[in-house]
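Below: query_22.csv (CSV, C-alpha atoms)
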chain,number,residue,atom,x,y,z
A,1389,VAL,CA,110.0,111.1,92.6
A,1390,VAL,CA,108.0,110.6,95.7
A,1391,MET,CA,109.8,111.1,99.0
A,1392,THR,CA,108.3,109.3,102.0
A,1393,GLN,CA,109.4,110.6,105.3
A,1394,THR,CA,108.8,109.0,108.6
A,1395,PRO,CA,107.7,109.5,111.3
A,1396,PRO,CA,105.6,112.6,110.8
A,1397,SER,CA,106.4,113.7,114.4
A,1398,LEU,CA,108.7,112.9,117.2
A,1399,SER,CA,108.5,113.8,120.9
A,1400,VAL,CA,112.0,113.8,122.5
A,1401,ALA,CA,113.7,114.8,125.7
A,1402,ILE,CA,116.8,117.0,125.6
A,1403,GLY,CA,119.8,114.8,125.3
A,1404,GLN,CA,118.0,112.0,123.6
A,1405,SER,CA,119.0,110.7,120.1
A,1406,VAL,CA,116.6,110.4,117.3
A,1407,SER,CA,116.5,109.2,113.7
A,1408,ILE,CA,114.3,110.3,110.8
A,1409,SER,CA,113.8,108.1,107.7
A,1410,CYS,CA,113.4,109.3,104.1
A,1411,LYS,CA,112.7,106.8,101.3
A,1412,SER,CA,112.5,107.7,97.6
A,1413,SER,CA,110.4,106.0,94.9
A,1414,GLN,CA,113.5,106.0,92.6
A,1415,SER,CA,117.2,105.7,93.1
A,1416,LEU,CA,118.7,109.1,93.8
A,1417,VAL,CA,122.1,108.2,92.3
A,1418,ALA,CA,122.7,110.7,89.5
A,1419,SER,CA,124.5,110.2,86.2
A,1420,ASP,CA,127.6,111.8,87.8
A,1421,LYS,CA,127.5,109.1,90.5
A,1422,ASN,CA,126.6,111.6,93.2
A,1423,THR,CA,123.5,111.3,95.3
A,1424,TYR,CA,121.7,114.6,95.8
A,1425,LEU,CA,119.8,114.0,99.0
A,1426,ASN,CA,119.5,117.0,101.4
A,1427,TRP,CA,118.2,117.5,104.9
A,1428,LEU,CA,116.7,120.8,105.9
A,1429,LEU,CA,115.4,122.2,109.2
A,1430,GLN,CA,112.7,124.7,109.5
A,1431,SER,CA,112.7,126.2,113.0
A,1432,PRO,CA,109.5,127.8,114.2
A,1433,GLY,CA,108.8,131.1,112.3
A,1434,ARG,CA,111.9,130.7,110.2
A,1435,SER,CA,112.7,129.7,106.6
A,1436,PRO,CA,114.2,126.3,105.9
A,1437,LYS,CA,117.9,125.9,106.5
A,1438,ARG,CA,120.0,123.2,104.8
A,1439,LEU,CA,121.9,121.0,107.2
A,1440,ILE,CA,123.2,118.2,105.1
A,1441,TYR,CA,123.8,117.7,101.4
A,1442,GLN,CA,124.8,114.7,99.3
A,1443,VAL,CA,123.5,112.3,101.9
A,1444,SER,CA,126.1,112.9,104.6
A,1445,LYS,CA,128.0,116.2,104.1
A,1446,LEU,CA,127.4,118.8,106.8
A,1447,ASP,CA,126.9,122.4,105.9
A,1448,SER,CA,129.2,124.9,107.5
A,1449,GLY,CA,128.3,125.6,111.1
A,1450,VAL,CA,126.1,122.5,111.5
A,1451,PRO,CA,127.0,120.7,114.7
A,1452,ASP,CA,128.5,117.2,114.4
A,1453,ARG,CA,125.7,115.7,116.4
A,1454,PHE,CA,123.8,115.7,113.1
A,1455,SER,CA,124.7,112.9,110.7
A,1456,GLY,CA,123.2,111.6,107.5
A,1457,SER,CA,123.5,108.2,106.0
A,1458,GLY,CA,122.0,106.0,103.3
A,1459,SER,CA,122.2,105.2,99.6
A,1460,GLU,CA,120.1,104.6,96.6
A,1461,LYS,CA,116.5,105.0,97.9
A,1462,ASP,CA,116.8,104.8,101.7
A,1463,PHE,CA,118.2,107.6,103.8
A,1464,THR,CA,118.4,108.5,107.5
A,1465,LEU,CA,119.1,111.7,109.5
A,1466,LYS,CA,120.3,111.1,113.0
A,1467,ILE,CA,120.5,113.7,115.7
A,1468,SER,CA,122.6,112.7,118.7
A,1469,ARG,CA,122.0,114.4,122.0
A,1470,VAL,CA,119.1,116.6,120.9
A,1471,GLU,CA,119.3,120.3,122.0
A,1472,ALA,CA,116.5,122.8,122.3
A,1473,GLU,CA,117.7,124.6,119.2
A,1474,ASP,CA,117.1,121.4,117.2
A,1475,LEU,CA,113.3,121.6,117.5
A,1476,GLY,CA,111.3,122.3,114.4
A,1477,VAL,CA,110.3,120.5,111.2
A,1478,TYR,CA,112.9,118.4,109.3
A,1479,TYR,CA,112.5,117.9,105.5
A,1480,CYS,CA,114.4,115.7,103.1
A,1481,LEU,CA,114.8,117.1,99.6
A,1482,GLN,CA,116.0,115.2,96.5
A,1483,GLY,CA,117.9,117.2,93.9
A,1484,THR,CA,118.8,114.3,91.5
A,1485,HIS,CA,115.6,114.3,89.4
A,1486,LEU,CA,113.4,117.1,88.2
A,1487,PRO,CA,111.1,118.2,89.7
A,1488,ARG,CA,113.0,118.5,93.0
A,1489,THR,CA,110.8,117.0,95.6
A,1490,PHE,CA,110.4,117.1,99.4
A,1491,GLY,CA,109.4,114.7,102.0
A,1492,GLY,CA,106.3,115.5,104.0
A,1493,GLY,CA,108.3,116.7,107.0
A,1494,THR,CA,109.0,115.4,110.6
A,1495,LYS,CA,108.1,117.7,113.4
A,1496,LEU,CA,110.5,117.3,116.3
A,1497,GLU,CA,109.0,118.4,119.6
A,1498,LEU,CA,109.9,118.4,123.2
A,1499,LYS,CA,108.5,115.7,125.4
B,1472,GLU,CA,127.6,137.1,104.7
B,1473,VAL,CA,125.1,135.6,102.3
B,1474,GLN,CA,121.9,137.6,102.0
B,1475,VAL,CA,118.8,136.8,100.1
B,1476,LEU,CA,115.8,139.1,100.3
B,1477,GLU,CA,112.5,138.6,98.5
B,1478,SER,CA,110.0,141.3,97.7
B,1479,GLY,CA,106.8,141.8,95.7
B,1480,GLY,CA,104.3,139.6,97.4
B,1481,GLY,CA,100.8,140.6,98.2
B,1482,LEU,CA,97.1,139.9,97.7
B,1483,VAL,CA,96.0,139.4,94.1
B,1484,GLN,CA,92.8,138.3,92.5
B,1485,PRO,CA,92.6,135.0,90.5
B,1486,GLY,CA,93.7,135.5,86.9
B,1487,ASN,CA,95.9,138.5,87.7
B,1488,SER,CA,99.7,138.8,87.7
B,1489,LEU,CA,102.5,139.4,90.2
B,1490,LYS,CA,106.2,139.7,89.9
B,1491,LEU,CA,108.5,138.6,92.8
B,1492,SER,CA,112.0,139.9,93.1
B,1493,CYS,CA,115.0,138.5,95.0
B,1494,ALA,CA,118.0,140.6,95.7
B,1495,THR,CA,121.2,138.8,96.9
B,1496,SER,CA,124.6,139.7,98.1
B,1497,GLY,CA,127.6,138.1,99.8
B,1498,PHE,CA,128.5,135.6,97.2
B,1499,THR,CA,129.4,135.2,93.5
B,1500,PHE,CA,125.9,135.5,92.1
B,1501,SER,CA,126.8,135.1,88.4
B,1502,THR,CA,127.9,131.5,88.8
B,1503,ALA,CA,125.1,130.4,91.2
B,1504,TRP,CA,122.1,128.4,90.1
B,1505,MET,CA,119.1,130.0,91.8
B,1506,TYR,CA,115.7,128.6,92.8
B,1507,TRP,CA,112.2,129.6,93.8
B,1508,TYR,CA,110.4,127.3,96.2
B,1509,ARG,CA,107.0,127.7,97.9
B,1510,GLN,CA,105.3,126.6,101.1
B,1511,PHE,CA,101.6,126.1,101.1
B,1512,PRO,CA,99.4,127.0,104.1
B,1513,GLU,CA,99.4,123.4,105.2
B,1514,LYS,CA,103.3,123.6,105.3
B,1515,ARG,CA,104.0,121.4,102.3
B,1516,LEU,CA,107.1,122.5,100.5
B,1517,GLU,CA,107.3,122.6,96.7
B,1518,TRP,CA,110.1,123.4,94.3
B,1519,VAL,CA,108.8,126.0,91.7
B,1520,ALA,CA,111.6,126.9,89.3
B,1521,ARG,CA,115.3,127.0,88.7
B,1522,ILE,CA,117.6,129.1,86.6
B,1523,LYS,CA,121.1,128.1,85.9
B,1524,ALA,CA,124.1,130.4,85.4
B,1525,LYS,CA,125.3,132.1,82.2
B,1526,SER,CA,127.8,129.2,81.6
B,1527,ASN,CA,124.7,127.0,81.3
B,1528,ASN,CA,122.9,129.4,79.0
B,1529,TYR,CA,120.6,130.6,81.8
B,1530,ALA,CA,118.6,127.4,81.3
B,1531,THR,CA,115.3,127.3,83.2
B,1532,ASP,CA,113.1,124.5,84.6
B,1533,TYR,CA,109.7,124.6,86.2
B,1534,THR,CA,107.4,122.4,88.2
B,1535,GLU,CA,104.5,121.2,86.0
B,1536,SER,CA,101.8,123.1,87.7
B,1537,VAL,CA,103.3,126.5,86.8
B,1538,LYS,CA,104.6,125.8,83.3
B,1539,GLY,CA,103.3,128.4,80.9
B,1540,ARG,CA,102.2,130.7,83.7
B,1541,PHE,CA,105.4,131.5,85.6
B,1542,THR,CA,108.7,132.8,84.3
B,1543,ILE,CA,112.0,132.8,86.2
B,1544,SER,CA,114.7,135.3,85.1
B,1545,ARG,CA,117.8,136.8,86.5
B,1546,ASP,CA,119.9,140.0,86.2
B,1547,ASP,CA,123.5,139.2,87.0
B,1548,SER,CA,124.4,142.9,87.0
B,1549,LYS,CA,121.9,143.3,90.0
B,1550,SER,CA,122.6,139.9,91.6
B,1551,SER,CA,118.9,139.4,91.5
B,1552,ILE,CA,116.3,136.9,90.2
B,1553,TYR,CA,112.7,137.3,89.5
B,1554,LEU,CA,109.5,135.3,89.2
B,1555,GLN,CA,106.8,136.6,86.9
B,1556,MET,CA,103.6,134.9,87.9
B,1557,ASN,CA,100.7,135.2,85.4
B,1558,ASN,CA,97.2,133.8,85.5
B,1559,LEU,CA,97.4,133.2,89.2
B,1560,LYS,CA,95.1,130.7,90.8
B,1561,GLU,CA,94.0,130.3,94.4
B,1562,GLU,CA,96.1,127.2,94.7
B,1563,ASP,CA,99.2,129.4,94.1
B,1564,THR,CA,98.7,130.9,97.6
B,1565,ALA,CA,101.9,130.3,99.5
B,1566,ILE,CA,105.0,131.7,101.0
B,1567,TYR,CA,107.5,132.0,98.1
B,1568,TYR,CA,111.2,131.5,98.9
B,1569,CYS,CA,114.2,132.5,96.8
B,1570,ALA,CA,117.2,130.2,97.4
B,1571,ARG,CA,120.7,129.4,96.4
B,1572,THR,CA,121.5,125.7,96.4
B,1573,ASP,CA,122.3,125.9,100.1
B,1574,TYR,CA,120.7,129.1,101.5
B,1575,TRP,CA,117.1,130.3,101.6
B,1576,GLY,CA,115.7,133.7,102.0
B,1577,GLN,CA,113.0,134.7,104.5
B,1578,GLY,CA,110.2,134.3,102.0
B,1579,VAL,CA,107.3,136.5,100.8
B,1580,MET,CA,103.6,135.8,101.1
B,1581,VAL,CA,101.5,135.6,98.0
B,1582,THR,CA,97.7,135.3,98.5
B,1583,VAL,CA,95.4,134.7,95.5
B,1584,SER,CA,91.8,135.4,96.5
B,1585,SER,CA,88.8,137.2,95.2
Here is a file; write its structure as structure tokens.
Amino acid sequence: VVMTQTPPSLSVAIGQSVSISCKSSQSLVASDKNTYLNWLLQSPGRSPKRLIYQVSKLDSGVPDRFSGSGSEKDFTLKISRVEAEDLGVYYCLQGTHLPRTFGGGTKLELK
Amino acid sequence: EVQVLESGGGLVQPGNSLKLSCATSGFTFSTAWMYWYRQFPEKRLEWVARIKAKSNNYATDYTESVKGRFTISRDDSKSSIYLQMNNLKEEDTAIYYCARTDYWGQGVMVTVSS
């Protein structure tokens, strides 16, 4: 499954809202009816950290300014009121099909 | 607190072998499905392998490029997983991450070069 993530980079001001798109080449609805689409953030010099799983469920400790939406093959990560700690590279990751595959990443930078 | 710590990386010549280890704590390891991922120098991420829990007969899966060369295993008594990498190629050069479904370790560098 090919995951196409756009845009490759975003330049934002603190407090601005942004959206990142991730489109899959196949439906990500699994046989159990769940959709295994995750969003991860890799902050500079750090390992990836999962923020959202199953399209829209926030991991523990993730601020509610992050939200995920979408279905089937089209997914979006929205960050409302960007803060400095949100900067880094965002990746989508599908876990419905093997091999698990990542989007190419979106680098979120300060304007 | 969940902890995941990889070790065993280093510089190795093409064709040689290396074994990565991943020690974990802070969660019920025996029921967790565990993963290896890697990040290439250009920052592209790739899933490498998965090992399921005992209840799933420790089933394993691999990305195509490592099938027949890499072996994932686990030792529930040590809350650890391993990645035996044989016949290494220059294109295996990457940071290797051990992960639970929701939590990644800090990674270990593997460089394959003559």
Test item: chain B residues at most 10 Å from chain A, counting all atoms listed in the file, as an NGL selection string: :B and (1508 or 1510 or 1514-1521 or 1532-1535 or 1566 or 1568 or 1570 or 1572-1578)
Restrict the selected residues to C-alpha atoms and save them as a PDB file, in the coordinates of the input.
ATOM      1  CA  TYR B1508     110.400 127.300  96.200  1.00  0.00           C
ATOM      2  CA  GLN B1510     105.300 126.600 101.100  1.00  0.00           C
ATOM      3  CA  LYS B1514     103.300 123.600 105.300  1.00  0.00           C
ATOM      4  CA  ARG B1515     104.000 121.400 102.300  1.00  0.00           C
ATOM      5  CA  LEU B1516     107.100 122.500 100.500  1.00  0.00           C
ATOM      6  CA  GLU B1517     107.300 122.600  96.700  1.00  0.00           C
ATOM      7  CA  TRP B1518     110.100 123.400  94.300  1.00  0.00           C
ATOM      8  CA  VAL B1519     108.800 126.000  91.700  1.00  0.00           C
ATOM      9  CA  ALA B1520     111.600 126.900  89.300  1.00  0.00           C
ATOM     10  CA  ARG B1521     115.300 127.000  88.700  1.00  0.00           C
ATOM     11  CA  ASP B1532     113.100 124.500  84.600  1.00  0.00           C
ATOM     12  CA  TYR B1533     109.700 124.600  86.200  1.00  0.00           C
ATOM     13  CA  THR B1534     107.400 122.400  88.200  1.00  0.00           C
ATOM     14  CA  GLU B1535     104.500 121.200  86.000  1.00  0.00           C
ATOM     15  CA  ILE B1566     105.000 131.700 101.000  1.00  0.00           C
ATOM     16  CA  TYR B1568     111.200 131.500  98.900  1.00  0.00           C
ATOM     17  CA  ALA B1570     117.200 130.200  97.400  1.00  0.00           C
ATOM     18  CA  THR B1572     121.500 125.700  96.400  1.00  0.00           C
ATOM     19  CA  ASP B1573     122.300 125.900 100.100  1.00  0.00           C
ATOM     20  CA  TYR B1574     120.700 129.100 101.500  1.00  0.00           C
ATOM     21  CA  TRP B1575     117.100 130.300 101.600  1.00  0.00           C
ATOM     22  CA  GLY B1576     115.700 133.700 102.000  1.00  0.00           C
ATOM     23  CA  GLN B1577     113.000 134.700 104.500  1.00  0.00           C
ATOM     24  CA  GLY B1578     110.200 134.300 102.000  1.00  0.00           C
TER      25      GLY B1578
END
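One finds CA of Thr1494 (chain A) at 16.8 Å from CA of Ser1457 (chain A).
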Contacts of region 1524-1530 of chain B at 12 Å or less, counting all atoms listed in the file, minus same-chain residues fewer than 6 places along, as a PDB file with C-alpha atoms, keeping the file's coordinate frame?
ATOM      1  CA  THR B1499     129.400 135.200  93.500  1.00  0.00           C
ATOM      2  CA  PHE B1500     125.900 135.500  92.100  1.00  0.00           C
ATOM      3  CA  SER B1501     126.800 135.100  88.400  1.00  0.00           C
ATOM      4  CA  THR B1502     127.900 131.500  88.800  1.00  0.00           C
ATOM      5  CA  ALA B1503     125.100 130.400  91.200  1.00  0.00           C
ATOM      6  CA  TRP B1504     122.100 128.400  90.100  1.00  0.00           C
ATOM      7  CA  MET B1505     119.100 130.000  91.800  1.00  0.00           C
ATOM      8  CA  TYR B1506     115.700 128.600  92.800  1.00  0.00           C
ATOM      9  CA  THR B1542     108.700 132.800  84.300  1.00  0.00           C
ATOM     10  CA  ILE B1543     112.000 132.800  86.200  1.00  0.00           C
ATOM     11  CA  SER B1544     114.700 135.300  85.100  1.00  0.00           C
ATOM     12  CA  ARG B1545     117.800 136.800  86.500  1.00  0.00           C
ATOM     13  CA  ASP B1546     119.900 140.000  86.200  1.00  0.00           C
ATOM     14  CA  ASP B1547     123.500 139.200  87.000  1.00  0.00           C
ATOM     15  CA  SER B1548     124.400 142.900  87.000  1.00  0.00           C
ATOM     16  CA  SER B1550     122.600 139.900  91.600  1.00  0.00           C
ATOM     17  CA  ILE B1552     116.300 136.900  90.200  1.00  0.00           C
ATOM     18  CA  ARG B1571     120.700 129.400  96.400  1.00  0.00           C
TER      19      ARG B1571
END
Which residue of A:Ser1455, A:Gln1442, A:Lys1495, A:Cys1480 approaches Cys1410 (chain A) most closely, using all atoms listed in the file: A:Cys1480
What's around Thr1564 (chain B) at 9 Å? Count only C-alpha atoms, leave out sequence neighbours fewer than 4 positions away in its own chain, and write the answer as a short mmCIF file (atom, residue, chain, number, x, y, z; two decimals) with C-alpha atoms, in the coordinates of the input.
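The result, stored in part_10.cif:
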data_model
loop_
_atom_site.label_atom_id
_atom_site.label_comp_id
_atom_site.auth_asym_id
_atom_site.auth_seq_id
_atom_site.Cartn_x
_atom_site.Cartn_y
_atom_site.Cartn_z
CA ARG B 1509 107.00 127.70 97.90
CA GLN B 1510 105.30 126.60 101.10
CA PHE B 1511 101.60 126.10 101.10
CA PRO B 1512 99.40 127.00 104.10
CA LEU B 1559 97.40 133.20 89.20
CA LYS B 1560 95.10 130.70 90.80
CA MET B 1580 103.60 135.80 101.10
CA VAL B 1581 101.50 135.60 98.00
CA THR B 1582 97.70 135.30 98.50
CA VAL B 1583 95.40 134.70 95.50
CA SER B 1584 91.80 135.40 96.50
#
Nearby residues, (117.7, 143.3, 96.8) file frame, 7 Å, all atoms listed in the file, as a list in words: Leu1476, Cys1493, Ala1494, Thr1495 and Ser1551 of chain B
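If you look at CA of Arg1453 (chain A) and CA of Arg1469 (chain A), they are 6.8 Å away from each other.
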Separation of CA of Trp1507 (chain B) from CA of Val1483 (chain B) in Å: 18.9 Å
Nearest-residue call for Glu1471 (chain A), choices A:Val1390, A:Ser1419, A:Ser1444, A:Glu1497, using all atoms listed in the file: A:Glu1497
Test item: residues at most 6 Å from region 1458-1467 of chain A, all atoms listed in the file, excluding those fewer than 6 positions along its chain, as a PyMOL selection string: chain A and resi 1405-1412+1415-1417
Selected residue of minimal separation from Tyr1553 (chain B) among B:Leu1491, B:Lys1523, B:Tyr1567, B:Gly1539, counting all atoms listed in the file: B:Leu1491
Please complete region 1536-1547 of chain B with all heavy atoms and give it back as an mmCIF file, in the frame of the given file.
data_model
loop_
_atom_site.group_PDB
_atom_site.id
_atom_site.type_symbol
_atom_site.label_atom_id
_atom_site.label_comp_id
_atom_site.auth_asym_id
_atom_site.auth_seq_id
_atom_site.Cartn_x
_atom_site.Cartn_y
_atom_site.Cartn_z
ATOM 1 N N SER B 1536 102.953 122.352 87.428
ATOM 2 C CA SER B 1536 101.800 123.100 87.700
ATOM 3 C C SER B 1536 101.905 124.624 87.353
ATOM 4 O O SER B 1536 100.907 125.351 87.290
ATOM 5 C CB SER B 1536 101.332 122.998 89.156
ATOM 6 O OG SER B 1536 102.330 123.503 90.005
ATOM 7 N N VAL B 1537 103.124 125.093 87.135
ATOM 8 C CA VAL B 1537 103.300 126.500 86.800
ATOM 9 C C VAL B 1537 103.828 126.747 85.412
ATOM 10 O O VAL B 1537 103.960 127.904 84.986
ATOM 11 C CB VAL B 1537 104.264 127.198 87.839
ATOM 12 C CG1 VAL B 1537 103.819 126.918 89.268
ATOM 13 C CG2 VAL B 1537 105.709 126.791 87.629
ATOM 14 N N LYS B 1538 104.104 125.667 84.690
ATOM 15 C CA LYS B 1538 104.600 125.800 83.300
ATOM 16 C C LYS B 1538 103.616 126.597 82.463
ATOM 17 O O LYS B 1538 102.417 126.331 82.485
ATOM 18 C CB LYS B 1538 104.874 124.444 82.694
ATOM 19 C CG LYS B 1538 106.143 123.788 83.170
ATOM 20 C CD LYS B 1538 106.346 122.431 82.494
ATOM 21 C CE LYS B 1538 107.596 121.748 83.011
ATOM 22 N NZ LYS B 1538 107.771 120.393 82.436
ATOM 23 N N GLY B 1539 104.142 127.568 81.717
ATOM 24 C CA GLY B 1539 103.300 128.400 80.900
ATOM 25 C C GLY B 1539 102.683 129.575 81.595
ATOM 26 O O GLY B 1539 102.110 130.466 80.961
ATOM 27 N N ARG B 1540 102.768 129.603 82.924
ATOM 28 C CA ARG B 1540 102.200 130.700 83.700
ATOM 29 C C ARG B 1540 103.305 131.514 84.405
ATOM 30 O O ARG B 1540 103.191 132.727 84.550
ATOM 31 C CB ARG B 1540 101.228 130.187 84.743
ATOM 32 C CG ARG B 1540 100.028 129.456 84.178
ATOM 33 C CD ARG B 1540 98.989 129.164 85.253
ATOM 34 N NE ARG B 1540 99.494 128.344 86.341
ATOM 35 C CZ ARG B 1540 99.448 128.703 87.629
ATOM 36 N NH1 ARG B 1540 98.926 129.851 87.992
ATOM 37 N NH2 ARG B 1540 99.923 127.882 88.558
ATOM 38 N N PHE B 1541 104.329 130.840 84.894
ATOM 39 C CA PHE B 1541 105.400 131.500 85.600
ATOM 40 C C PHE B 1541 106.674 131.546 84.788
ATOM 41 O O PHE B 1541 106.945 130.629 84.011
ATOM 42 C CB PHE B 1541 105.731 130.724 86.920
ATOM 43 C CG PHE B 1541 104.683 130.778 87.992
ATOM 44 C CD1 PHE B 1541 103.395 131.248 87.763
ATOM 45 C CD2 PHE B 1541 104.991 130.348 89.284
ATOM 46 C CE1 PHE B 1541 102.437 131.288 88.753
ATOM 47 C CE2 PHE B 1541 104.044 130.380 90.302
ATOM 48 C CZ PHE B 1541 102.767 130.844 90.024
ATOM 49 N N THR B 1542 107.447 132.618 84.970
ATOM 50 C CA THR B 1542 108.700 132.800 84.300
ATOM 51 C C THR B 1542 109.782 133.205 85.274
ATOM 52 O O THR B 1542 109.616 134.242 85.939
ATOM 53 C CB THR B 1542 108.643 133.781 83.142
ATOM 54 O OG1 THR B 1542 107.631 133.388 82.208
ATOM 55 C CG2 THR B 1542 109.988 133.877 82.418
ATOM 56 N N ILE B 1543 110.850 132.432 85.366
ATOM 57 C CA ILE B 1543 112.000 132.800 86.200
ATOM 58 C C ILE B 1543 113.018 133.502 85.329
ATOM 59 O O ILE B 1543 113.227 133.117 84.169
ATOM 60 C CB ILE B 1543 112.583 131.582 86.924
ATOM 61 C CG1 ILE B 1543 113.644 132.008 87.934
ATOM 62 C CG2 ILE B 1543 113.131 130.562 85.927
ATOM 63 C CD1 ILE B 1543 114.137 130.844 88.823
ATOM 64 N N SER B 1544 113.637 134.537 85.878
ATOM 65 C CA SER B 1544 114.700 135.300 85.100
ATOM 66 C C SER B 1544 115.708 135.764 86.127
ATOM 67 O O SER B 1544 115.499 135.701 87.342
ATOM 68 C CB SER B 1544 114.070 136.413 84.337
ATOM 69 O OG SER B 1544 113.436 137.342 85.201
ATOM 70 N N ARG B 1545 116.807 136.260 85.593
ATOM 71 C CA ARG B 1545 117.800 136.800 86.500
ATOM 72 C C ARG B 1545 118.523 137.965 85.802
ATOM 73 O O ARG B 1545 118.521 138.099 84.578
ATOM 74 C CB ARG B 1545 118.876 135.698 86.788
ATOM 75 C CG ARG B 1545 119.664 135.169 85.606
ATOM 76 C CD ARG B 1545 120.479 133.921 85.996
ATOM 77 N NE ARG B 1545 121.549 134.239 86.940
ATOM 78 C CZ ARG B 1545 122.133 133.313 87.723
ATOM 79 N NH1 ARG B 1545 121.726 132.053 87.685
ATOM 80 N NH2 ARG B 1545 123.115 133.655 88.525
ATOM 81 N N ASP B 1546 119.101 138.819 86.634
ATOM 82 C CA ASP B 1546 119.900 140.000 86.200
ATOM 83 C C ASP B 1546 121.199 139.891 86.954
ATOM 84 O O ASP B 1546 121.245 140.293 88.130
ATOM 85 C CB ASP B 1546 119.150 141.258 86.425
ATOM 86 C CG ASP B 1546 119.893 142.478 85.889
ATOM 87 O OD1 ASP B 1546 121.120 142.401 85.681
ATOM 88 O OD2 ASP B 1546 119.229 143.514 85.683
ATOM 89 N N ASP B 1547 122.230 139.357 86.315
ATOM 90 C CA ASP B 1547 123.500 139.200 87.000
ATOM 91 C C ASP B 1547 124.101 140.539 87.431
ATOM 92 O O ASP B 1547 124.828 140.611 88.429
ATOM 93 C CB ASP B 1547 124.491 138.419 86.136
ATOM 94 C CG ASP B 1547 124.124 136.940 86.005
ATOM 95 O OD1 ASP B 1547 123.189 136.505 86.706
ATOM 96 O OD2 ASP B 1547 124.774 136.235 85.206
#
